[in-house]
Amino acid sequence: MCSRRPPEAVHTPVLAGPALEWLRVRPQGTYVDCTAGAGGHAEAIARQLCGGRLIALDRDPEAVERARERLAVYPTVQVFHRNYDELAQILAELGIRHIEGVLIDAGVSSMQLDDPARGFSFQQDGPLDMRMDPTSGLSAAERLAQMNEGELARVLRDYGDVGPAQRIARGILGRARAGRLSTTKDLRDAVAEALSFVRGVPDETRTVFQAIRILVNDELRRLEAVLRGQILPALSPEGRVVVITFHSGEDRIVKNVFRDASRPRRLFRPDGRLEREEPPMAAVLTPKPIEPDEAECRANPRAKSAKLRAAERLSGGREEL
């Protein structure tokens, strides 16, 4: 019998119970946690393994350090400082052809939001960074310095559903050109100045920060690319993928990818005649997203926007999406 580590008084990840239920961990299976964070979901998976294997990834070096410490007692868990859009390469390096399950907990983590030095939160002052991997790419301040008003307005609308996007973009870039956009307070003040008719902190502040974070980390493109091109093809028959999202754009991507994978694909000849129809690649397990119950939302207000969707690889389905 495999040993089980007793529960500890550590941070509980969002939708932990439903995530494990829909992932349906098989004790001898191989699983991937694409967003290990502090290791909460990963540990829940590891506890159910007996002879199986867990690959835990995160692009944040601080998260990797925490996850390695938390998961060190599980000999079949490997933690890597890698981005999940490298999944196919990582599996090839490890000699793994197929996996039984994948979990993605998208978005920013509580430990990132709570650290002022990371620059994710408008509620604390810190450098305007927002990179999930501070060792790679441009910071939010550097990225904004390279943008024009139209580009930024589109980002605010598309990633944050910001109504007065043009007005706010103009205010943000005006500060950037004046050399006054290097901290989270600077960005918060830019939004407040653009909406000077609003008392207190404008509601748009949160969504502006969210939109810029998504831009800096290329979150939506990476999520869709890994789901379509790497995760679904890597699943073994009856293998499952579970995705937890916190943003309408993320949830829409997951919904659309799962929908496309669940439909047969028709291939036509040059003259328009049907050549063949390929069977669906996967089955959608959650026609409607799973959401946290009232008790979880009370215990963790950040869970309120969470949605979970799951799909299962079909035996005999096509190999590509």
# chains A, B, ... in the order shown; residues from 1 in each chain; ligands from 1
>>> residues_around(residues="Pro279 in chain A", least_positions_apart="2", cutoff="12 Å", atoms="only C-alpha atoms", output="JSON list (two decimals) with N, CA, C and O atoms, in the first residue's frame")
[["chain", "number", "residue", "atom", "x", "y", "z"],
["A", 260, "ASP", "N", -15.20, 22.07, -30.13],
["A", 260, "ASP", "CA", -14.64, 21.66, -31.42],
["A", 260, "ASP", "C", -14.14, 20.22, -31.38],
["A", 260, "ASP", "O", -14.30, 19.46, -32.35],
["A", 261, "ALA", "N", -13.51, 19.84, -30.25],
["A", 261, "ALA", "CA", -12.98, 18.48, -30.13],
["A", 261, "ALA", "C", -14.08, 17.44, -30.05],
["A", 261, "ALA", "O", -13.86, 16.27, -30.37],
["A", 262, "SER", "N", -15.29, 17.85, -29.64],
["A", 262, "SER", "CA", -16.38, 16.90, -29.46],
["A", 262, "SER", "C", -17.22, 16.71, -30.72],
["A", 262, "SER", "O", -18.18, 15.94, -30.72],
["A", 263, "ARG", "N", -16.86, 17.41, -31.79],
["A", 263, "ARG", "CA", -17.62, 17.31, -33.03],
["A", 263, "ARG", "C", -16.84, 16.52, -34.08],
["A", 263, "ARG", "O", -15.61, 16.62, -34.16],
["A", 264, "PRO", "N", -17.54, 15.76, -34.91],
["A", 264, "PRO", "CA", -16.84, 15.08, -36.02],
["A", 264, "PRO", "C", -16.32, 16.11, -37.01],
["A", 264, "PRO", "O", -16.85, 17.23, -37.10],
["A", 265, "ARG", "N", -15.26, 15.76, -37.71],
["A", 265, "ARG", "CA", -14.67, 16.68, -38.68],
["A", 265, "ARG", "C", -14.87, 16.11, -40.09],
["A", 265, "ARG", "O", -14.54, 14.96, -40.36],
["A", 266, "ARG", "N", -15.40, 16.95, -40.96],
["A", 266, "ARG", "CA", -15.62, 16.55, -42.34],
["A", 266, "ARG", "C", -14.49, 17.04, -43.23],
["A", 266, "ARG", "O", -14.13, 18.22, -43.18],
["A", 267, "LEU", "N", -13.95, 16.14, -44.02],
["A", 267, "LEU", "CA", -12.89, 16.48, -44.97],
["A", 267, "LEU", "C", -13.45, 16.36, -46.38],
["A", 267, "LEU", "O", -14.06, 15.35, -46.74],
["A", 276, "ARG", "N", -14.38, 12.10, -46.43],
["A", 276, "ARG", "CA", -14.59, 11.24, -45.26],
["A", 276, "ARG", "C", -14.96, 12.11, -44.05],
["A", 276, "ARG", "O", -14.73, 13.31, -44.06],
["A", 277, "GLU", "N", -15.49, 11.46, -43.05],
["A", 277, "GLU", "CA", -15.82, 12.14, -41.79],
["A", 277, "GLU", "C", -15.06, 11.46, -40.67],
["A", 277, "GLU", "O", -15.17, 10.25, -40.48],
["A", 281, "MET", "N", -12.82, 13.85, -31.29],
["A", 281, "MET", "CA", -11.59, 13.58, -30.55],
["A", 281, "MET", "C", -11.86, 13.40, -29.06],
["A", 281, "MET", "O", -11.17, 12.66, -28.37],
["A", 282, "ALA", "N", -12.87, 14.10, -28.54],
["A", 282, "ALA", "CA", -13.11, 14.11, -27.10],
["A", 282, "ALA", "C", -14.59, 14.28, -26.83],
["A", 282, "ALA", "O", -15.37, 14.69, -27.70],
["A", 283, "ALA", "N", -14.98, 13.99, -25.60],
["A", 283, "ALA", "CA", -16.35, 14.22, -25.14],
["A", 283, "ALA", "C", -16.33, 15.29, -24.05],
["A", 283, "ALA", "O", -15.47, 15.26, -23.15],
["A", 313, "ARG", "N", -10.84, 12.22, -23.47],
["A", 313, "ARG", "CA", -10.38, 11.73, -24.78],
["A", 313, "ARG", "C", -11.15, 10.46, -25.14],
["A", 313, "ARG", "O", -11.31, 9.55, -24.33],
["A", 314, "LEU", "N", -11.61, 10.41, -26.38],
["A", 314, "LEU", "CA", -12.38, 9.26, -26.84],
["A", 314, "LEU", "C", -11.49, 8.20, -27.46],
["A", 314, "LEU", "O", -10.54, 8.51, -28.18],
["A", 315, "SER", "N", -11.80, 6.96, -27.19],
["A", 315, "SER", "CA", -11.10, 5.85, -27.81],
["A", 315, "SER", "C", -11.51, 5.76, -29.27],
["A", 315, "SER", "O", -12.71, 5.79, -29.60],
["A", 316, "GLY", "N", -10.55, 5.74, -30.17],
["A", 316, "GLY", "CA", -10.84, 5.66, -31.58],
["A", 316, "GLY", "C", -11.12, 7.00, -32.23],
["A", 316, "GLY", "O", -11.40, 7.07, -33.43],
["A", 317, "GLY", "N", -11.04, 8.08, -31.44],
["A", 317, "GLY", "CA", -11.24, 9.41, -32.01],
["A", 317, "GLY", "C", -10.05, 9.84, -32.83],
["A", 317, "GLY", "O", -9.00, 9.21, -32.82],
["A", 318, "ARG", "N", -10.21, 10.93, -33.56],
["A", 318, "ARG", "CA", -9.12, 11.42, -34.40],
["A", 318, "ARG", "C", -7.96, 11.88, -33.55],
["A", 318, "ARG", "O", -8.11, 12.18, -32.36],
["A", 319, "GLU", "N", -6.79, 12.01, -34.15],
["A", 319, "GLU", "CA", -5.57, 12.33, -33.43],
["A", 319, "GLU", "C", -5.28, 13.83, -33.39],
["A", 319, "GLU", "O", -4.45, 14.26, -32.60],
["A", 320, "GLU", "N", -5.93, 14.62, -34.23],
["A", 320, "GLU", "CA", -5.64, 16.04, -34.28],
["A", 320, "GLU", "C", -6.92, 16.83, -34.14],
["A", 320, "GLU", "O", -7.99, 16.40, -34.56],
["A", 321, "LEU", "N", -6.81, 18.02, -33.58],
["A", 321, "LEU", "CA", -7.96, 18.90, -33.42],
["A", 321, "LEU", "C", -8.02, 19.88, -34.58],
["A", 321, "LEU", "O", -7.02, 20.49, -34.89]]
>>> residues_around(residues="Ala225 in chain A", least_positions_apart="4", cutoff="10 Å", atoms="only C-alpha atoms", output="short mmCIF file (atom, residue, chain, number, x, y, z; two decimals) with N, CA, C and O atoms, in the first residue's frame")
data_model
loop_
_atom_site.label_atom_id
_atom_site.label_comp_id
_atom_site.auth_asym_id
_atom_site.auth_seq_id
_atom_site.Cartn_x
_atom_site.Cartn_y
_atom_site.Cartn_z
N ASP A 85 3.17 25.75 -22.26
CA ASP A 85 3.13 25.64 -23.71
C ASP A 85 4.34 24.87 -24.27
O ASP A 85 4.47 24.69 -25.47
N LEU A 220 -4.03 34.18 -22.96
CA LEU A 220 -5.11 33.57 -23.73
C LEU A 220 -4.59 32.78 -24.93
O LEU A 220 -5.05 31.67 -25.20
N ARG A 221 -3.61 33.34 -25.63
CA ARG A 221 -3.06 32.62 -26.77
C ARG A 221 -2.40 31.32 -26.33
O ARG A 221 -2.56 30.27 -26.96
N GLY A 229 -3.27 22.02 -29.42
CA GLY A 229 -2.16 21.38 -30.09
C GLY A 229 -1.35 20.40 -29.28
O GLY A 229 -0.59 19.60 -29.85
N GLN A 230 -1.50 20.42 -27.94
CA GLN A 230 -0.63 19.58 -27.13
C GLN A 230 -1.36 18.68 -26.13
O GLN A 230 -1.08 17.49 -26.05
N ILE A 231 -2.29 19.23 -25.38
CA ILE A 231 -2.92 18.45 -24.31
C ILE A 231 -3.85 17.39 -24.87
O ILE A 231 -3.70 16.19 -24.57
N ILE A 253 -12.47 30.32 -24.29
CA ILE A 253 -11.50 29.52 -25.04
C ILE A 253 -11.67 28.03 -24.72
O ILE A 253 -11.73 27.18 -25.62
N VAL A 257 -12.77 25.19 -27.44
CA VAL A 257 -11.85 24.09 -27.78
C VAL A 257 -12.51 22.74 -27.50
O VAL A 257 -12.47 21.82 -28.33
#
>>> residues_around(residues="range 44-60 of chain A", least_positions_apart="3", cutoff="7 Å", atoms="only C-alpha atoms", output="PyMOL selection string")
chain A and resi 2+4-5+25-37+40-41+63-64+74+76-84+132-133
>>> select_by_dssp(residues="range 47-166 of chain A", states="helix (DSSP H, G or I)", output="VMD selection string")
chain A and resid 61 to 71 84 to 93 110 to 113 116 to 118 140 to 145 149 to 160 165 to 166
>>> residues_around(residues="Thr207 in chain A", least_positions_apart="6", cutoff="9 Å", atoms="only C-alpha atoms", output="PyMOL selection string")
chain A and resi 156+159-162
>>> closest_residue(among="A:Lys288, A:Lys307, A:Arg118, A:Arg177", to="Leu144 in chain A", atoms="only C-alpha atoms")
A:Arg177
>>> residues_around(residues="Ser139 in chain A", least_positions_apart="5", cutoff="12 Å", atoms="only C-alpha atoms", output="list in words")
Arg118, Gly119, Phe120, Pro127, Leu128, Asp129, Met130, Arg131, Met132, Asp133, Pro134, Leu144, Ala145, Gln146, Leu181, Ser182, Thr183, Thr184, Ile212, Arg213, Ile214, Leu215, Val216 and Asn217 of chain A
>>> write_last_selection(atoms="N, CA and C atoms", output="short mmCIF file (atom, residue, chain, number, x, y, z; two decimals), in the first residue's frame")
data_model
loop_
_atom_site.label_atom_id
_atom_site.label_comp_id
_atom_site.auth_asym_id
_atom_site.auth_seq_id
_atom_site.Cartn_x
_atom_site.Cartn_y
_atom_site.Cartn_z
N ARG A 118 5.71 41.85 -7.03
CA ARG A 118 5.38 41.24 -8.32
C ARG A 118 4.56 42.18 -9.20
N GLY A 119 3.91 43.17 -8.60
CA GLY A 119 3.21 44.18 -9.38
C GLY A 119 1.88 43.77 -9.97
N PHE A 120 1.23 42.75 -9.41
CA PHE A 120 -0.04 42.28 -9.96
C PHE A 120 -1.25 43.02 -9.39
N PRO A 127 6.64 47.67 -7.99
CA PRO A 127 7.07 47.88 -9.38
C PRO A 127 6.02 47.36 -10.35
N LEU A 128 5.84 48.03 -11.47
CA LEU A 128 4.83 47.64 -12.47
C LEU A 128 5.43 46.53 -13.34
N ASP A 129 5.42 45.32 -12.79
CA ASP A 129 6.06 44.19 -13.46
C ASP A 129 5.03 43.27 -14.10
N MET A 130 4.30 42.50 -13.29
CA MET A 130 3.22 41.61 -13.72
C MET A 130 3.67 40.37 -14.48
N ARG A 131 4.96 40.11 -14.60
CA ARG A 131 5.40 38.89 -15.28
C ARG A 131 5.27 37.69 -14.34
N MET A 132 4.67 36.62 -14.83
CA MET A 132 4.60 35.40 -14.04
C MET A 132 5.98 34.77 -13.91
N ASP A 133 6.81 34.98 -14.91
CA ASP A 133 8.21 34.58 -14.83
C ASP A 133 9.05 35.85 -14.89
N PRO A 134 9.50 36.37 -13.73
CA PRO A 134 10.24 37.63 -13.71
C PRO A 134 11.60 37.56 -14.40
N LEU A 144 4.07 48.60 -21.91
CA LEU A 144 3.22 49.77 -22.13
C LEU A 144 3.97 50.89 -22.81
N ALA A 145 5.26 51.02 -22.52
CA ALA A 145 6.07 52.08 -23.12
C ALA A 145 6.20 51.90 -24.63
N GLN A 146 5.94 50.69 -25.14
CA GLN A 146 6.09 50.40 -26.56
C GLN A 146 4.76 50.46 -27.33
N LEU A 181 5.25 56.25 -15.12
CA LEU A 181 4.52 54.97 -15.11
C LEU A 181 5.50 53.83 -14.85
N SER A 182 5.90 53.72 -13.60
CA SER A 182 6.85 52.67 -13.23
C SER A 182 6.37 51.81 -12.06
N THR A 183 5.28 52.20 -11.41
CA THR A 183 4.77 51.46 -10.26
C THR A 183 3.29 51.16 -10.43
N THR A 184 2.79 50.24 -9.59
CA THR A 184 1.37 49.93 -9.62
C THR A 184 0.54 51.15 -9.19
N ILE A 212 -3.93 44.10 -18.62
CA ILE A 212 -2.50 44.30 -18.86
C ILE A 212 -1.71 43.06 -18.44
N ARG A 213 -2.13 42.42 -17.36
CA ARG A 213 -1.47 41.18 -16.93
C ARG A 213 -1.61 40.09 -17.99
N ILE A 214 -2.81 39.95 -18.55
CA ILE A 214 -3.04 38.95 -19.59
C ILE A 214 -2.17 39.24 -20.81
N LEU A 215 -2.06 40.52 -21.15
CA LEU A 215 -1.20 40.91 -22.28
C LEU A 215 0.25 40.55 -22.01
N VAL A 216 0.76 40.95 -20.86
CA VAL A 216 2.18 40.76 -20.54
C VAL A 216 2.56 39.28 -20.58
N ASN A 217 1.66 38.42 -20.13
CA ASN A 217 1.97 36.99 -20.04
C ASN A 217 1.41 36.17 -21.20
#
>>> select_by_dssp(residues="range 31-112 of chain A", states="strand (DSSP E)", output="list in words")
Tyr31, Val32, Asp33, Arg53, Leu54, Ile55, Ala56, Leu57, Asp58, Val77, Gln78, Val79, Phe80, His81, Ile99, Glu100, Gly101, Val102, Leu103, Ile104 and Asp105 of chain A
